[in-house]
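S.K.: Take a look at data-v1.cif, mmCIF, all heavy atoms:
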data_protein
loop_
_atom_site.label_atom_id
_atom_site.label_comp_id
_atom_site.auth_asym_id
_atom_site.auth_seq_id
_atom_site.Cartn_x
_atom_site.Cartn_y
_atom_site.Cartn_z
N MET A 1 261.93 310.61 279.00
CA MET A 1 261.97 310.55 277.56
C MET A 1 263.42 310.65 277.11
O MET A 1 264.09 311.64 277.39
CB MET A 1 261.13 311.67 276.96
CG MET A 1 259.66 311.49 277.31
SD MET A 1 258.51 312.82 277.02
CE MET A 1 258.98 313.63 275.60
N MET A 2 263.88 309.64 276.44
CA MET A 2 265.29 309.58 276.07
C MET A 2 265.70 310.69 275.12
O MET A 2 266.79 311.23 275.25
CB MET A 2 265.60 308.22 275.45
CG MET A 2 265.64 307.12 276.46
SD MET A 2 265.98 305.55 275.69
CE MET A 2 264.35 305.10 275.13
N HIS A 3 264.87 311.03 274.14
CA HIS A 3 265.26 312.06 273.21
C HIS A 3 265.29 313.43 273.89
O HIS A 3 266.07 314.29 273.52
CB HIS A 3 264.36 312.08 271.97
CG HIS A 3 262.91 312.32 272.25
ND1 HIS A 3 262.10 311.37 272.80
CD2 HIS A 3 262.15 313.42 272.06
CE1 HIS A 3 260.87 311.86 272.94
NE2 HIS A 3 260.89 313.10 272.49
N TYR A 4 264.48 313.63 274.93
CA TYR A 4 264.52 314.87 275.71
C TYR A 4 265.87 315.00 276.40
O TYR A 4 266.49 316.06 276.39
CB TYR A 4 263.38 314.89 276.73
CG TYR A 4 263.40 316.11 277.63
CD1 TYR A 4 262.77 317.29 277.23
CD2 TYR A 4 264.05 316.09 278.86
CE1 TYR A 4 262.79 318.40 278.04
CE2 TYR A 4 264.08 317.20 279.67
CZ TYR A 4 263.44 318.37 279.26
OH TYR A 4 263.47 319.48 280.07
N ASP A 5 266.33 313.92 277.00
CA ASP A 5 267.63 313.93 277.67
C ASP A 5 268.75 314.28 276.71
O ASP A 5 269.64 315.04 277.04
CB ASP A 5 267.92 312.56 278.31
CG ASP A 5 266.99 312.25 279.46
OD1 ASP A 5 266.41 313.19 280.05
OD2 ASP A 5 266.84 311.06 279.78
N ALA A 6 268.69 313.74 275.50
CA ALA A 6 269.73 313.99 274.51
C ALA A 6 269.74 315.45 274.08
O ALA A 6 270.79 316.07 273.94
CB ALA A 6 269.55 313.10 273.29
N LEU A 7 268.56 316.04 273.92
CA LEU A 7 268.47 317.41 273.42
C LEU A 7 268.64 318.45 274.51
O LEU A 7 269.43 319.39 274.36
CB LEU A 7 267.11 317.61 272.74
CG LEU A 7 266.89 318.95 272.05
CD1 LEU A 7 267.92 319.16 270.95
CD2 LEU A 7 265.49 319.03 271.48
N ILE A 8 267.97 318.31 275.61
CA ILE A 8 267.96 319.33 276.66
C ILE A 8 269.10 319.13 277.66
O ILE A 8 269.85 320.06 277.95
CB ILE A 8 266.61 319.34 277.40
CG1 ILE A 8 265.45 319.56 276.41
CG2 ILE A 8 266.60 320.40 278.50
CD1 ILE A 8 265.52 320.84 275.61
N ASP A 9 269.22 317.94 278.19
CA ASP A 9 270.23 317.68 279.22
C ASP A 9 271.60 317.35 278.64
O ASP A 9 272.58 317.31 279.37
CB ASP A 9 269.79 316.53 280.13
CG ASP A 9 268.53 316.87 280.90
OD1 ASP A 9 268.26 318.07 281.12
OD2 ASP A 9 267.81 315.92 281.31
N LYS A 10 271.64 317.10 277.33
CA LYS A 10 272.88 316.72 276.64
C LYS A 10 273.51 315.47 277.27
O LYS A 10 274.72 315.32 277.35
CB LYS A 10 273.87 317.88 276.63
CG LYS A 10 273.33 319.08 275.88
CD LYS A 10 274.31 320.23 275.89
CE LYS A 10 273.78 321.38 275.10
NZ LYS A 10 272.98 322.31 275.80
N LYS A 11 272.63 314.57 277.70
CA LYS A 11 273.07 313.29 278.28
C LYS A 11 272.19 312.20 277.70
O LYS A 11 270.97 312.25 277.84
CB LYS A 11 272.91 313.29 279.79
CG LYS A 11 273.77 314.29 280.53
CD LYS A 11 273.49 314.23 282.00
CE LYS A 11 274.28 315.29 282.73
NZ LYS A 11 273.97 315.31 284.16
N ALA A 12 272.78 311.26 277.03
CA ALA A 12 271.99 310.15 276.49
C ALA A 12 272.92 309.02 276.07
O ALA A 12 274.08 309.25 275.74
CB ALA A 12 271.18 310.61 275.29
N ILE A 13 272.37 307.83 276.10
CA ILE A 13 273.08 306.70 275.52
C ILE A 13 272.71 306.63 274.05
O ILE A 13 271.90 307.44 273.57
CB ILE A 13 272.74 305.39 276.27
CG1 ILE A 13 271.24 305.12 276.24
CG2 ILE A 13 273.25 305.45 277.70
CD1 ILE A 13 270.84 303.77 276.81
N CYS A 14 273.24 305.70 273.31
CA CYS A 14 273.03 305.65 271.87
C CYS A 14 271.55 305.58 271.49
O CYS A 14 271.14 306.17 270.50
CB CYS A 14 273.80 304.48 271.26
SG CYS A 14 273.38 302.88 271.99
N GLU A 15 270.74 304.92 272.29
CA GLU A 15 269.32 304.81 271.97
C GLU A 15 268.64 306.18 272.01
O GLU A 15 267.81 306.51 271.16
CB GLU A 15 268.63 303.86 272.94
CG GLU A 15 267.19 303.57 272.57
CD GLU A 15 266.55 302.55 273.49
OE1 GLU A 15 267.20 302.07 274.43
OE2 GLU A 15 265.37 302.26 273.27
N GLY A 16 268.98 307.01 272.98
CA GLY A 16 268.41 308.35 273.06
C GLY A 16 268.83 309.22 271.89
O GLY A 16 268.03 309.97 271.34
N CYS A 17 270.10 309.12 271.51
CA CYS A 17 270.58 309.88 270.35
C CYS A 17 269.92 309.41 269.07
O CYS A 17 269.53 310.22 268.22
CB CYS A 17 272.10 309.75 270.24
SG CYS A 17 272.98 310.52 271.60
N ALA A 18 269.78 308.10 268.91
CA ALA A 18 269.13 307.55 267.72
C ALA A 18 267.66 307.97 267.64
O ALA A 18 267.16 308.30 266.57
CB ALA A 18 269.24 306.02 267.71
N LEU A 19 266.98 308.01 268.77
CA LEU A 19 265.59 308.43 268.80
C LEU A 19 265.45 309.91 268.45
O LEU A 19 264.57 310.30 267.68
CB LEU A 19 264.96 308.14 270.16
CG LEU A 19 263.49 308.49 270.32
CD1 LEU A 19 262.63 307.81 269.27
CD2 LEU A 19 263.01 308.12 271.71
N LEU A 20 266.32 310.74 268.99
CA LEU A 20 266.29 312.16 268.67
C LEU A 20 266.52 312.38 267.18
O LEU A 20 265.79 313.14 266.53
CB LEU A 20 267.35 312.91 269.48
CG LEU A 20 267.48 314.40 269.20
CD1 LEU A 20 266.19 315.14 269.54
CD2 LEU A 20 268.65 314.98 269.98
N PHE A 21 267.52 311.72 266.61
CA PHE A 21 267.81 311.84 265.19
C PHE A 21 266.62 311.37 264.36
O PHE A 21 266.24 312.01 263.38
CB PHE A 21 269.06 311.03 264.85
CG PHE A 21 269.52 311.22 263.43
CD1 PHE A 21 270.25 312.33 263.08
CD2 PHE A 21 269.23 310.27 262.46
CE1 PHE A 21 270.68 312.52 261.77
CE2 PHE A 21 269.65 310.44 261.16
CZ PHE A 21 270.38 311.57 260.81
N TYR A 22 265.99 310.26 264.76
CA TYR A 22 264.81 309.73 264.07
C TYR A 22 263.69 310.76 264.06
O TYR A 22 263.05 311.00 263.03
CB TYR A 22 264.34 308.44 264.76
CG TYR A 22 263.01 307.95 264.27
CD1 TYR A 22 262.91 307.21 263.10
CD2 TYR A 22 261.85 308.23 264.99
CE1 TYR A 22 261.68 306.76 262.64
CE2 TYR A 22 260.62 307.78 264.53
CZ TYR A 22 260.54 307.05 263.36
OH TYR A 22 259.33 306.62 262.91
N ARG A 23 263.43 311.39 265.19
CA ARG A 23 262.37 312.39 265.27
C ARG A 23 262.62 313.56 264.33
O ARG A 23 261.72 314.05 263.67
CB ARG A 23 262.23 312.91 266.70
CG ARG A 23 261.89 311.82 267.67
CD ARG A 23 260.51 312.01 268.21
NE ARG A 23 260.31 311.00 269.25
CZ ARG A 23 259.16 310.47 269.48
NH1 ARG A 23 258.12 310.81 268.77
NH2 ARG A 23 259.02 309.57 270.42
N PHE A 24 263.87 314.03 264.29
CA PHE A 24 264.21 315.12 263.37
C PHE A 24 264.03 314.70 261.91
O PHE A 24 263.47 315.44 261.11
CB PHE A 24 265.64 315.61 263.59
CG PHE A 24 265.77 316.59 264.72
CD1 PHE A 24 266.70 316.38 265.72
CD2 PHE A 24 265.00 317.74 264.77
CE1 PHE A 24 266.84 317.29 266.76
CE2 PHE A 24 265.12 318.65 265.81
CZ PHE A 24 266.05 318.42 266.80
N MET A 25 264.53 313.54 261.55
CA MET A 25 264.43 313.10 260.16
C MET A 25 262.98 312.95 259.72
O MET A 25 262.60 313.40 258.64
CB MET A 25 265.19 311.78 259.95
CG MET A 25 266.69 311.89 260.10
SD MET A 25 267.48 313.01 258.93
CE MET A 25 267.73 314.45 259.97
N THR A 26 262.15 312.31 260.54
CA THR A 26 260.76 312.13 260.16
C THR A 26 260.01 313.46 260.12
O THR A 26 259.11 313.64 259.31
CB THR A 26 260.04 311.13 261.09
OG1 THR A 26 260.16 311.56 262.45
CG2 THR A 26 260.62 309.73 260.93
N MET A 27 260.41 314.40 260.96
CA MET A 27 259.80 315.72 260.94
C MET A 27 260.05 316.42 259.60
O MET A 27 259.21 317.16 259.11
CB MET A 27 260.37 316.57 262.10
CG MET A 27 259.72 317.91 262.27
SD MET A 27 260.22 318.76 263.80
CE MET A 27 261.98 318.85 263.64
N PHE A 28 261.20 316.15 259.00
CA PHE A 28 261.54 316.75 257.71
C PHE A 28 261.17 315.86 256.53
O PHE A 28 261.54 316.14 255.39
CB PHE A 28 263.03 317.09 257.67
CG PHE A 28 263.41 318.18 258.62
CD1 PHE A 28 264.26 317.92 259.68
CD2 PHE A 28 262.91 319.46 258.48
CE1 PHE A 28 264.62 318.92 260.57
CE2 PHE A 28 263.25 320.47 259.37
CZ PHE A 28 264.10 320.20 260.43
N GLY A 29 260.46 314.77 256.78
CA GLY A 29 259.99 313.90 255.71
C GLY A 29 261.05 312.96 255.16
O GLY A 29 260.91 312.44 254.05
N ILE A 30 262.12 312.73 255.90
CA ILE A 30 263.20 311.84 255.46
C ILE A 30 262.98 310.46 256.08
O ILE A 30 262.78 310.35 257.29
CB ILE A 30 264.58 312.40 255.87
CG1 ILE A 30 264.79 313.76 255.18
CG2 ILE A 30 265.70 311.42 255.54
CD1 ILE A 30 266.01 314.51 255.66
N THR A 31 263.00 309.44 255.25
CA THR A 31 262.80 308.07 255.73
C THR A 31 263.96 307.65 256.61
O THR A 31 265.12 307.74 256.22
CB THR A 31 262.67 307.10 254.54
OG1 THR A 31 261.59 307.54 253.71
CG2 THR A 31 262.42 305.68 255.01
N CYS A 32 263.64 307.20 257.81
CA CYS A 32 264.67 306.85 258.79
C CYS A 32 264.14 305.73 259.67
O CYS A 32 262.95 305.67 259.96
CB CYS A 32 264.99 308.09 259.63
SG CYS A 32 266.26 307.85 260.88
N ARG A 33 265.03 304.85 260.07
CA ARG A 33 264.68 303.76 261.00
C ARG A 33 265.72 303.68 262.09
O ARG A 33 266.87 304.06 261.91
CB ARG A 33 264.65 302.42 260.26
CG ARG A 33 263.52 302.32 259.27
CD ARG A 33 263.54 301.02 258.49
NE ARG A 33 263.61 299.87 259.38
CZ ARG A 33 263.97 298.66 258.97
NH1 ARG A 33 264.29 298.45 257.71
NH2 ARG A 33 264.00 297.65 259.80
N ILE A 34 265.30 303.16 263.24
CA ILE A 34 266.23 302.88 264.33
C ILE A 34 266.53 301.40 264.29
O ILE A 34 265.62 300.56 264.26
CB ILE A 34 265.64 303.27 265.69
CG1 ILE A 34 265.39 304.78 265.74
CG2 ILE A 34 266.57 302.84 266.82
CD1 ILE A 34 264.69 305.25 267.00
N ILE A 35 267.80 301.07 264.28
CA ILE A 35 268.24 299.68 264.27
C ILE A 35 268.87 299.40 265.63
O ILE A 35 269.64 300.21 266.15
CB ILE A 35 269.31 299.46 263.17
CG1 ILE A 35 268.80 299.94 261.81
CG2 ILE A 35 269.75 298.00 263.13
CD1 ILE A 35 267.58 299.22 261.30
N THR A 36 268.52 298.26 266.22
CA THR A 36 269.11 297.89 267.51
C THR A 36 269.74 296.51 267.40
O THR A 36 269.36 295.69 266.57
CB THR A 36 268.05 297.87 268.63
OG1 THR A 36 267.02 296.95 268.28
CG2 THR A 36 267.46 299.26 268.85
N GLU A 37 270.70 296.31 268.25
CA GLU A 37 271.39 295.02 268.29
C GLU A 37 271.81 294.74 269.72
O GLU A 37 272.19 295.65 270.45
CB GLU A 37 272.62 295.07 267.39
CG GLU A 37 273.43 293.80 267.41
CD GLU A 37 274.66 293.88 266.54
OE1 GLU A 37 275.38 294.89 266.61
OE2 GLU A 37 274.91 292.93 265.80
N LYS A 38 271.70 293.50 270.11
CA LYS A 38 272.15 293.11 271.44
C LYS A 38 273.12 291.96 271.30
O LYS A 38 272.79 290.92 270.71
CB LYS A 38 270.98 292.70 272.31
CG LYS A 38 271.39 292.40 273.73
CD LYS A 38 270.20 292.22 274.63
CE LYS A 38 270.69 292.06 276.06
NZ LYS A 38 269.59 292.04 277.00
N ARG A 39 274.32 292.17 271.78
CA ARG A 39 275.34 291.12 271.77
C ARG A 39 275.88 290.97 273.18
O ARG A 39 276.21 291.96 273.83
CB ARG A 39 276.51 291.50 270.86
CG ARG A 39 276.17 291.38 269.42
CD ARG A 39 277.41 291.52 268.59
NE ARG A 39 277.08 291.45 267.19
CZ ARG A 39 277.95 291.59 266.23
NH1 ARG A 39 279.21 291.83 266.53
NH2 ARG A 39 277.59 291.50 264.98
N MET A 40 275.94 289.77 273.59
CA MET A 40 276.39 289.46 274.95
C MET A 40 275.55 290.28 275.93
O MET A 40 274.36 290.14 275.97
CB MET A 40 277.88 289.75 275.10
CG MET A 40 278.76 289.03 274.09
SD MET A 40 278.77 287.26 274.33
CE MET A 40 280.17 287.11 275.39
N ARG A 41 276.15 291.16 276.67
CA ARG A 41 275.42 291.96 277.66
C ARG A 41 275.25 293.41 277.22
O ARG A 41 274.75 294.23 277.98
CB ARG A 41 276.15 291.93 278.99
CG ARG A 41 276.19 290.56 279.61
CD ARG A 41 276.88 290.58 280.92
NE ARG A 41 276.87 289.25 281.51
CZ ARG A 41 277.56 288.91 282.55
NH1 ARG A 41 278.33 289.79 283.15
NH2 ARG A 41 277.50 287.69 283.03
N GLU A 42 275.66 293.76 276.01
CA GLU A 42 275.60 295.13 275.55
C GLU A 42 274.58 295.30 274.43
O GLU A 42 274.43 294.44 273.59
CB GLU A 42 276.98 295.58 275.04
CG GLU A 42 278.03 295.63 276.11
CD GLU A 42 279.36 296.15 275.60
OE1 GLU A 42 279.40 296.70 274.49
OE2 GLU A 42 280.35 296.00 276.31
N SER A 43 273.90 296.43 274.46
CA SER A 43 272.95 296.77 273.41
C SER A 43 273.46 298.03 272.71
O SER A 43 274.15 298.85 273.32
CB SER A 43 271.57 297.05 273.99
OG SER A 43 271.04 295.90 274.56
N HIS A 44 273.10 298.18 271.46
CA HIS A 44 273.50 299.37 270.71
C HIS A 44 272.37 299.74 269.77
O HIS A 44 271.62 298.88 269.32
CB HIS A 44 274.78 299.10 269.92
CG HIS A 44 275.36 300.32 269.30
ND1 HIS A 44 275.78 301.40 270.05
CD2 HIS A 44 275.57 300.66 268.02
CE1 HIS A 44 276.23 302.34 269.23
NE2 HIS A 44 276.11 301.91 267.99
N ALA A 45 272.24 301.03 269.49
CA ALA A 45 271.20 301.52 268.57
C ALA A 45 271.83 302.54 267.63
O ALA A 45 272.74 303.27 268.01
CB ALA A 45 270.07 302.17 269.35
N TRP A 46 271.36 302.53 266.39
CA TRP A 46 271.82 303.51 265.42
C TRP A 46 270.72 303.72 264.40
O TRP A 46 269.69 303.06 264.44
CB TRP A 46 273.14 303.09 264.76
CG TRP A 46 273.07 301.82 263.97
CD1 TRP A 46 272.85 301.71 262.64
CD2 TRP A 46 273.21 300.49 264.45
NE1 TRP A 46 272.85 300.39 262.26
CE2 TRP A 46 273.06 299.62 263.37
CE3 TRP A 46 273.44 299.93 265.72
CZ2 TRP A 46 273.14 298.24 263.49
CZ3 TRP A 46 273.52 298.56 265.83
CH2 TRP A 46 273.38 297.73 264.74
N ASN A 47 270.93 304.65 263.49
CA ASN A 47 269.92 304.98 262.49
C ASN A 47 270.36 304.53 261.12
O ASN A 47 271.55 304.50 260.81
CB ASN A 47 269.69 306.50 262.41
CG ASN A 47 269.22 307.05 263.72
OD1 ASN A 47 270.01 307.47 264.54
ND2 ASN A 47 267.92 307.05 263.94
N ILE A 48 269.37 304.21 260.30
CA ILE A 48 269.58 303.96 258.89
C ILE A 48 268.65 304.93 258.16
O ILE A 48 267.49 305.06 258.51
CB ILE A 48 269.34 302.49 258.51
CG1 ILE A 48 269.74 302.24 257.07
CG2 ILE A 48 267.93 302.06 258.78
CD1 ILE A 48 269.84 300.76 256.72
N VAL A 49 269.21 305.66 257.20
CA VAL A 49 268.49 306.74 256.54
C VAL A 49 268.49 306.52 255.05
O VAL A 49 269.50 306.13 254.47
CB VAL A 49 269.16 308.11 256.86
CG1 VAL A 49 268.44 309.24 256.18
CG2 VAL A 49 269.23 308.33 258.36
N ARG A 50 267.35 306.79 254.41
CA ARG A 50 267.27 306.70 252.95
C ARG A 50 267.41 308.11 252.39
O ARG A 50 266.61 308.99 252.70
CB ARG A 50 265.96 306.11 252.50
CG ARG A 50 265.83 306.14 250.97
CD ARG A 50 264.69 305.35 250.50
NE ARG A 50 265.04 303.95 250.79
CZ ARG A 50 264.46 302.93 250.20
NH1 ARG A 50 263.52 303.11 249.34
NH2 ARG A 50 264.82 301.70 250.50
N LEU A 51 268.41 308.31 251.54
CA LEU A 51 268.62 309.58 250.88
C LEU A 51 268.48 309.36 249.38
O LEU A 51 269.06 308.43 248.82
CB LEU A 51 269.99 310.16 251.20
CG LEU A 51 270.25 310.50 252.66
CD1 LEU A 51 271.69 310.93 252.85
CD2 LEU A 51 269.29 311.55 253.15
N GLY A 52 267.73 310.18 248.71
CA GLY A 52 267.54 310.03 247.27
C GLY A 52 266.56 308.90 246.98
O GLY A 52 265.79 308.47 247.83
N ASN A 53 266.61 308.41 245.75
CA ASN A 53 265.68 307.36 245.33
C ASN A 53 266.27 305.97 245.36
O ASN A 53 265.65 305.03 244.89
CB ASN A 53 265.16 307.68 243.93
CG ASN A 53 264.34 308.94 243.91
OD1 ASN A 53 263.61 309.20 244.86
ND2 ASN A 53 264.46 309.74 242.88
N ALA A 54 267.47 305.83 245.82
CA ALA A 54 268.14 304.53 245.82
C ALA A 54 267.61 303.62 246.88
O ALA A 54 267.09 303.98 247.86
CB ALA A 54 269.64 304.72 246.02
#
Can the structure in the file be given as structure tokens, please?
M.R.:
Amino acid sequence: MMHYDALIDKKAICEGCALLFYRFMTMFGITCRIITEKRMRESHAWNIVRLGNA
């Protein structure tokens, strides 16, 4: 489990960190999504969060 590695082992790639952050945000009722992108041979993941009513 990637988010377990990020939290317990303190080892993760961006996808594990993004998943851990997503789990925390949804646990607190904050709208959050994981966005991924693949360019050439590299993949990257990050979060997009909605704060307020905007």
S.K.: Applied to the shown file, which residues does the PyMOL selection byres ((chain A and resi 34-45) around 5) return, written as a PyMOL selection string?
M.R.: chain A and resi 14-15+18-19+22+32-33+46-48
S.K.: Name every residue that the PyMOL selection byres ((chain A and resi 30) around 4.5) selects in this structure, writing the answer as a ChimeraX atom specification with chains first and numbers rising.
M.R.: /A:25-26,28-29,31-32,49-51
S.K.: Could those selected residues go to a file with all heavy atoms, as a short mmCIF file (atom, residue, chain, number, x, y, z; two decimals), in the coordinates of the input?
M.R.:
data_model
loop_
_atom_site.label_atom_id
_atom_site.label_comp_id
_atom_site.auth_asym_id
_atom_site.auth_seq_id
_atom_site.Cartn_x
_atom_site.Cartn_y
_atom_site.Cartn_z
N MET A 25 264.53 313.54 261.55
CA MET A 25 264.43 313.10 260.16
C MET A 25 262.98 312.95 259.72
O MET A 25 262.60 313.40 258.64
CB MET A 25 265.19 311.78 259.95
CG MET A 25 266.69 311.89 260.10
SD MET A 25 267.48 313.01 258.93
CE MET A 25 267.73 314.45 259.97
N THR A 26 262.15 312.31 260.54
CA THR A 26 260.76 312.13 260.16
C THR A 26 260.01 313.46 260.12
O THR A 26 259.11 313.64 259.31
CB THR A 26 260.04 311.13 261.09
OG1 THR A 26 260.16 311.56 262.45
CG2 THR A 26 260.62 309.73 260.93
N PHE A 28 261.20 316.15 259.00
CA PHE A 28 261.54 316.75 257.71
C PHE A 28 261.17 315.86 256.53
O PHE A 28 261.54 316.14 255.39
CB PHE A 28 263.03 317.09 257.67
CG PHE A 28 263.41 318.18 258.62
CD1 PHE A 28 264.26 317.92 259.68
CD2 PHE A 28 262.91 319.46 258.48
CE1 PHE A 28 264.62 318.92 260.57
CE2 PHE A 28 263.25 320.47 259.37
CZ PHE A 28 264.10 320.20 260.43
N GLY A 29 260.46 314.77 256.78
CA GLY A 29 259.99 313.90 255.71
C GLY A 29 261.05 312.96 255.16
O GLY A 29 260.91 312.44 254.05
N THR A 31 263.00 309.44 255.25
CA THR A 31 262.80 308.07 255.73
C THR A 31 263.96 307.65 256.61
O THR A 31 265.12 307.74 256.22
CB THR A 31 262.67 307.10 254.54
OG1 THR A 31 261.59 307.54 253.71
CG2 THR A 31 262.42 305.68 255.01
N CYS A 32 263.64 307.20 257.81
CA CYS A 32 264.67 306.85 258.79
C CYS A 32 264.14 305.73 259.67
O CYS A 32 262.95 305.67 259.96
CB CYS A 32 264.99 308.09 259.63
SG CYS A 32 266.26 307.85 260.88
N VAL A 49 269.21 305.66 257.20
CA VAL A 49 268.49 306.74 256.54
C VAL A 49 268.49 306.52 255.05
O VAL A 49 269.50 306.13 254.47
CB VAL A 49 269.16 308.11 256.86
CG1 VAL A 49 268.44 309.24 256.18
CG2 VAL A 49 269.23 308.33 258.36
N ARG A 50 267.35 306.79 254.41
CA ARG A 50 267.27 306.70 252.95
C ARG A 50 267.41 308.11 252.39
O ARG A 50 266.61 308.99 252.70
CB ARG A 50 265.96 306.11 252.50
CG ARG A 50 265.83 306.14 250.97
CD ARG A 50 264.69 305.35 250.50
NE ARG A 50 265.04 303.95 250.79
CZ ARG A 50 264.46 302.93 250.20
NH1 ARG A 50 263.52 303.11 249.34
NH2 ARG A 50 264.82 301.70 250.50
N LEU A 51 268.41 308.31 251.54
CA LEU A 51 268.62 309.58 250.88
C LEU A 51 268.48 309.36 249.38
O LEU A 51 269.06 308.43 248.82
CB LEU A 51 269.99 310.16 251.20
CG LEU A 51 270.25 310.50 252.66
CD1 LEU A 51 271.69 310.93 252.85
CD2 LEU A 51 269.29 311.55 253.15
#
S.K.: If DSSP is run on the backbone, what residues of chain A are alpha helix (DSSP H)? A reply as an NGL selection string would be ideal.
M.R.: :A and (2-4 or 14-27)
S.K.: When DSSP is applied to the backbone of this structure, which of chain A are assigned strand (DSSP E or B)? Write them out as a ChimeraX atom specification.
M.R.: /A:32-39,42-49
S.K.: Enclose the full set of atoms of stretch 33-48 of chain A listed in the file within a box whose edges lie along x, y and z, apply 8 Å of padding to each of the six sides, and report centre and edge lengths in Å to one decimal as JSON.
M.R.:
{"center_x": 271.9, "center_y": 297.3, "center_z": 269.9, "size_x": 32.8, "size_y": 36.4, "size_z": 42.4}
S.K.: What's the separation between atom CD1 of A:Phe21 and atom CG1 of A:Ile8, in Å to one decimal place?
M.R.: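 Going from atom CD1 of A:Phe21 over to atom CG1 of A:Ile8 covers 15.9 Å.
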S.K.: I need stretch 31-46 of chain A written out with N, CA and C atoms, as an mmCIF file, in the first residue's frame; please produce it.
M.R.:
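Written file, result_19.cif:
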data_model
loop_
_atom_site.group_PDB
_atom_site.id
_atom_site.type_symbol
_atom_site.label_atom_id
_atom_site.label_comp_id
_atom_site.auth_asym_id
_atom_site.auth_seq_id
_atom_site.Cartn_x
_atom_site.Cartn_y
_atom_site.Cartn_z
ATOM 1 N N THR A 31 -12.807 18.324 -0.156
ATOM 2 C CA THR A 31 -12.810 17.803 -1.518
ATOM 3 C C THR A 31 -11.397 17.796 -2.078
ATOM 4 N N CYS A 32 -10.970 16.648 -2.554
ATOM 5 C CA CYS A 32 -9.592 16.484 -3.037
ATOM 6 C C CYS A 32 -9.585 15.450 -4.149
ATOM 7 N N ARG A 33 -8.726 15.653 -5.124
ATOM 8 C CA ARG A 33 -8.545 14.692 -6.218
ATOM 9 C C ARG A 33 -7.072 14.452 -6.443
ATOM 10 N N ILE A 34 -6.760 13.282 -6.974
ATOM 11 C CA ILE A 34 -5.393 12.974 -7.380
ATOM 12 C C ILE A 34 -5.321 13.159 -8.885
ATOM 13 N N ILE A 35 -4.354 13.934 -9.314
ATOM 14 C CA ILE A 35 -4.146 14.194 -10.736
ATOM 15 C C ILE A 35 -2.851 13.487 -11.138
ATOM 16 N N THR A 36 -2.883 12.793 -12.266
ATOM 17 C CA THR A 36 -1.680 12.118 -12.749
ATOM 18 C C THR A 36 -1.372 12.563 -14.168
ATOM 19 N N GLU A 37 -0.120 12.466 -14.495
ATOM 20 C CA GLU A 37 0.321 12.838 -15.834
ATOM 21 C C GLU A 37 1.492 11.947 -16.214
ATOM 22 N N LYS A 38 1.523 11.556 -17.462
ATOM 23 C CA LYS A 38 2.643 10.765 -17.953
ATOM 24 C C LYS A 38 3.214 11.455 -19.175
ATOM 25 N N ARG A 39 4.470 11.800 -19.088
ATOM 26 C CA ARG A 39 5.177 12.409 -20.217
ATOM 27 C C ARG A 39 6.434 11.613 -20.479
ATOM 28 N N MET A 40 6.615 11.306 -21.702
ATOM 29 C CA MET A 40 7.765 10.498 -22.109
ATOM 30 C C MET A 40 7.780 9.218 -21.266
ATOM 31 N N ARG A 41 8.785 9.014 -20.477
ATOM 32 C CA ARG A 41 8.879 7.796 -19.662
ATOM 33 C C ARG A 41 8.627 8.062 -18.189
ATOM 34 N N GLU A 42 8.248 9.283 -17.824
ATOM 35 C CA GLU A 42 8.055 9.633 -16.425
ATOM 36 C C GLU A 42 6.592 9.900 -16.120
ATOM 37 N N SER A 43 6.177 9.476 -14.940
ATOM 38 C CA SER A 43 4.820 9.745 -14.463
ATOM 39 C C SER A 43 4.923 10.627 -13.227
ATOM 40 N N HIS A 44 3.897 11.403 -12.984
ATOM 41 C CA HIS A 44 3.876 12.261 -11.807
ATOM 42 C C HIS A 44 2.444 12.331 -11.292
ATOM 43 N N ALA A 45 2.300 12.490 -9.981
ATOM 44 C CA ALA A 45 0.977 12.599 -9.363
ATOM 45 C C ALA A 45 1.001 13.745 -8.364
ATOM 46 N N TRP A 46 -0.125 14.447 -8.271
ATOM 47 C CA TRP A 46 -0.253 15.516 -7.290
ATOM 48 C C TRP A 46 -1.720 15.656 -6.935
#
